[in-house]
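These notes are about the structure you will find just below.
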Number of protein chains: 2
Amino acid sequence: MRELVGSPGTWGGLVLRAGQCSFAGASIGVMVSALGFANYTAFCYLIASMGLQLLWSFGLACLDIYALKMRKDLRNPILVSLFVVGDWVTAILSFAAACSASGVVVLFEKDVNFCKRVPGFPCGMFQLSTALAFLSWTLIAASSLVMFWLLASL
Amino acid sequence: MRELVGSPGTWGGLVLRAGQCSFAGASIGVMVSALGFANYTAFCYLIASMGLQLLWSFGLACLDIYALKMRKDLRNPILVSLFVVGDWVTAILSFAAACSASGVVVLFEKDVNFCKRVPGFPCGMFQLSTALAFLSWTLIAASSLVMFWLLASL
């Protein structure tokens with residue numbers, strides 16, 4: 001079988017998971033430190049979704065490390081099916097959260113001009129957190145595609 | 001080769017495409033008839049994205065009808081690759097549009113209470129249009145998964 005970059009239990013997979021974890025964690029950190037984020041449902045949902053992403057990616061990163069240490073092959077159909085479901089669910093949730101947060105950020109920034117009119121409104125932090133969420137999503141999307149491809153070719 | 005429900009050039013595929021077209025069209029119609037939608041970037045983006053979705057799905061529906069009439073098999077690798085790329089791009093754009101619109105709708109409805117405070121604000125129409133966009137997306141997501149599976153197993 002061909003070796004796919006980013007498969008579970010490989011160095012590529014571990015790098016992807018680590019990237020997902022760190023971007024999701026950074027997104028949560030920036031959002032939590034922005035004053036008044038809790039007034040907006042979209043930003044609360046972003047935190048919840050990035051939290052789930054963080055837990056899932058961290059779990060799979062640990063599994064990758066274990067597989068690399070023990071030289072185990074994680075590519076059996078049942079395990080890959082489980083990875084596919086989890087990856088796709090977290091990927092869709094993360095993307096939805098990032099998109100709805102960015103919809104609200106654009107509204108604040110462009111449509112109602114909140115960022116200029118309200119002094120001290122942490123627009124920059126909302127933007128940064130949303131951008132980090134999108135970065136985390138691109139990595140989880142890559143993982144999801146690799147997993148789906150793997151499942152289809154197993 | 002197994003017959004996948006929703007493959008290009010089959011009745012299942014045609015039904016999926018027709019559903020995508022009609023939901024996307026309905027979403028555009030409802031949004032355009034809501035007063036003041038043009039003030040919000042997220043809603044304009046929803047219309048643009050649903051328009052693209054409508055064009056793409058309509059094109060593929062015509063191709064499906066042609067294939068059904070002429071009894072042609074559309075499942076060759078080059079054609080399926082093209083379908084995969086188009087389906088995935090439109091699916092991601094539609095989902096992003098629906099999510100950002102729903103982020104803004106939830107903000108209006110729940111966070112700033114615009115829907116109750118501003119009389120005549122067409123909240124219901126924004127909601128309906130967003131819901132229709134999500135319905136259109138579920139169908140394009142189904143098509144995308146079928147196409148990707150087909151490509152992986154060709």
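Going by the structure tokens order, chains are called A, B, ..., each with residues numbered from 1, while ligands are numbered from 1 in the order shown.
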Find the residues around stretch 56-69 of chain B up to 7 Å (only C-alpha atoms counted), leave out those fewer than 6 positions away in its own chain, and share them as a ChimeraX atom specification.
/B:8-10,14,17-18,20-21
Please identify the helix (DSSP H, G or I) residues within chain B (assignment by DSSP from backbone atoms) and present them as a PyMOL selection string.
chain B and resi 11-32+37-39+41-70+77-111+114-117+123-153
Residues of chain B within 9 Å of chain A, using only C-alpha atoms, as a list in words?
Asn39, Tyr40, Thr41, Ala42, Phe95, Ala96, Ala97, Ala98, Cys99, Ser100, Ala101, Ser102, Gly103, Val104, Val106, Leu107, Lys110, Asp111, Val112, Phe148, Trp149, Leu150, Ala152 and Ser153 of chain B
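Nearest-residue note for B:Ser49: choosing from B:Ser33, B:Ser81, B:Ser94, B:Ser27, the minimum distance belongs to B:Ser94, counting only C-alpha atoms.
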Please list as a compact mmCIF listing (two decimals) with N, CA, C and O atoms, in the first residue's frame every residue within 9 Å of B:Ala133, counting only C-alpha atoms and excluding residues in the same chain fewer than 3 positions away.
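The new file around_10.txt reads:
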# COMPACT_ATOMS: atom_id res chain seq x y z
N PHE B 23 -33.23 24.54 -3.79
CA PHE B 23 -32.99 25.17 -2.49
C PHE B 23 -32.14 26.43 -2.64
O PHE B 23 -32.40 27.45 -1.99
N ALA B 24 -31.12 26.36 -3.51
CA ALA B 24 -30.27 27.54 -3.70
C ALA B 24 -31.09 28.69 -4.30
O ALA B 24 -30.99 29.84 -3.84
N ALA B 26 -34.34 29.13 -4.05
CA ALA B 26 -35.28 29.62 -3.04
C ALA B 26 -34.56 30.52 -2.04
O ALA B 26 -35.08 31.56 -1.63
N SER B 27 -33.36 30.11 -1.64
CA SER B 27 -32.59 30.91 -0.69
C SER B 27 -32.31 32.30 -1.25
O SER B 27 -32.49 33.32 -0.57
N ILE B 28 -31.89 32.37 -2.52
CA ILE B 28 -31.64 33.66 -3.16
C ILE B 28 -32.91 34.48 -3.22
O ILE B 28 -32.93 35.67 -2.87
N LEU B 46 -23.87 35.41 0.85
CA LEU B 46 -24.78 34.25 0.74
C LEU B 46 -25.41 34.21 -0.65
O LEU B 46 -25.46 33.15 -1.28
N MET B 50 -24.74 31.24 -3.25
CA MET B 50 -25.88 30.43 -3.71
C MET B 50 -26.06 30.56 -5.22
O MET B 50 -26.48 29.61 -5.89
N SER B 94 -20.54 27.34 -0.13
CA SER B 94 -21.93 27.40 0.34
C SER B 94 -21.99 27.26 1.85
O SER B 94 -22.75 27.98 2.52
N PHE B 95 -21.21 26.34 2.38
CA PHE B 95 -21.24 26.13 3.84
C PHE B 95 -20.72 27.37 4.55
O PHE B 95 -21.29 27.81 5.56
N ALA B 97 -20.81 30.42 3.48
CA ALA B 97 -21.81 31.48 3.37
C ALA B 97 -22.95 31.25 4.34
O ALA B 97 -23.38 32.17 5.05
N ALA B 98 -23.43 30.00 4.40
CA ALA B 98 -24.56 29.69 5.29
C ALA B 98 -24.16 29.92 6.75
O ALA B 98 -24.94 30.48 7.52
N LEU B 128 -35.07 32.23 7.19
CA LEU B 128 -35.55 31.27 6.20
C LEU B 128 -34.51 31.08 5.09
O LEU B 128 -34.21 29.95 4.69
N SER B 129 -33.95 32.20 4.63
CA SER B 129 -32.97 32.13 3.56
C SER B 129 -31.74 31.32 4.00
O SER B 129 -31.21 30.50 3.24
N THR B 130 -31.30 31.56 5.25
CA THR B 130 -30.15 30.83 5.77
C THR B 130 -30.46 29.34 5.89
O THR B 130 -29.62 28.49 5.54
N SER B 136 -29.59 23.34 0.96
CA SER B 136 -28.87 23.19 -0.30
C SER B 136 -27.48 22.60 -0.05
O SER B 136 -27.02 21.73 -0.79
N TRP B 137 -26.85 23.07 1.02
CA TRP B 137 -25.50 22.57 1.33
C TRP B 137 -25.51 21.09 1.68
O TRP B 137 -24.61 20.36 1.28
N THR B 138 -26.53 20.60 2.44
CA THR B 138 -26.54 19.17 2.80
C THR B 138 -26.58 18.32 1.53
O THR B 138 -25.90 17.28 1.46
Rounded to one decimal place, report the atom CA of B:Phe83-atom CA of A:Ile140 distance in Å.
22.9 Å
Point out the residue among A:Leu74, A:Leu16, A:Leu55, A:Val80 with the least atom-to-atom distance to A:Ala141, counting only C-alpha atoms.
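Of A:Leu74, A:Leu16, A:Leu55, A:Val80, the one nearest A:Ala141, counting only C-alpha atoms, is A:Leu16.
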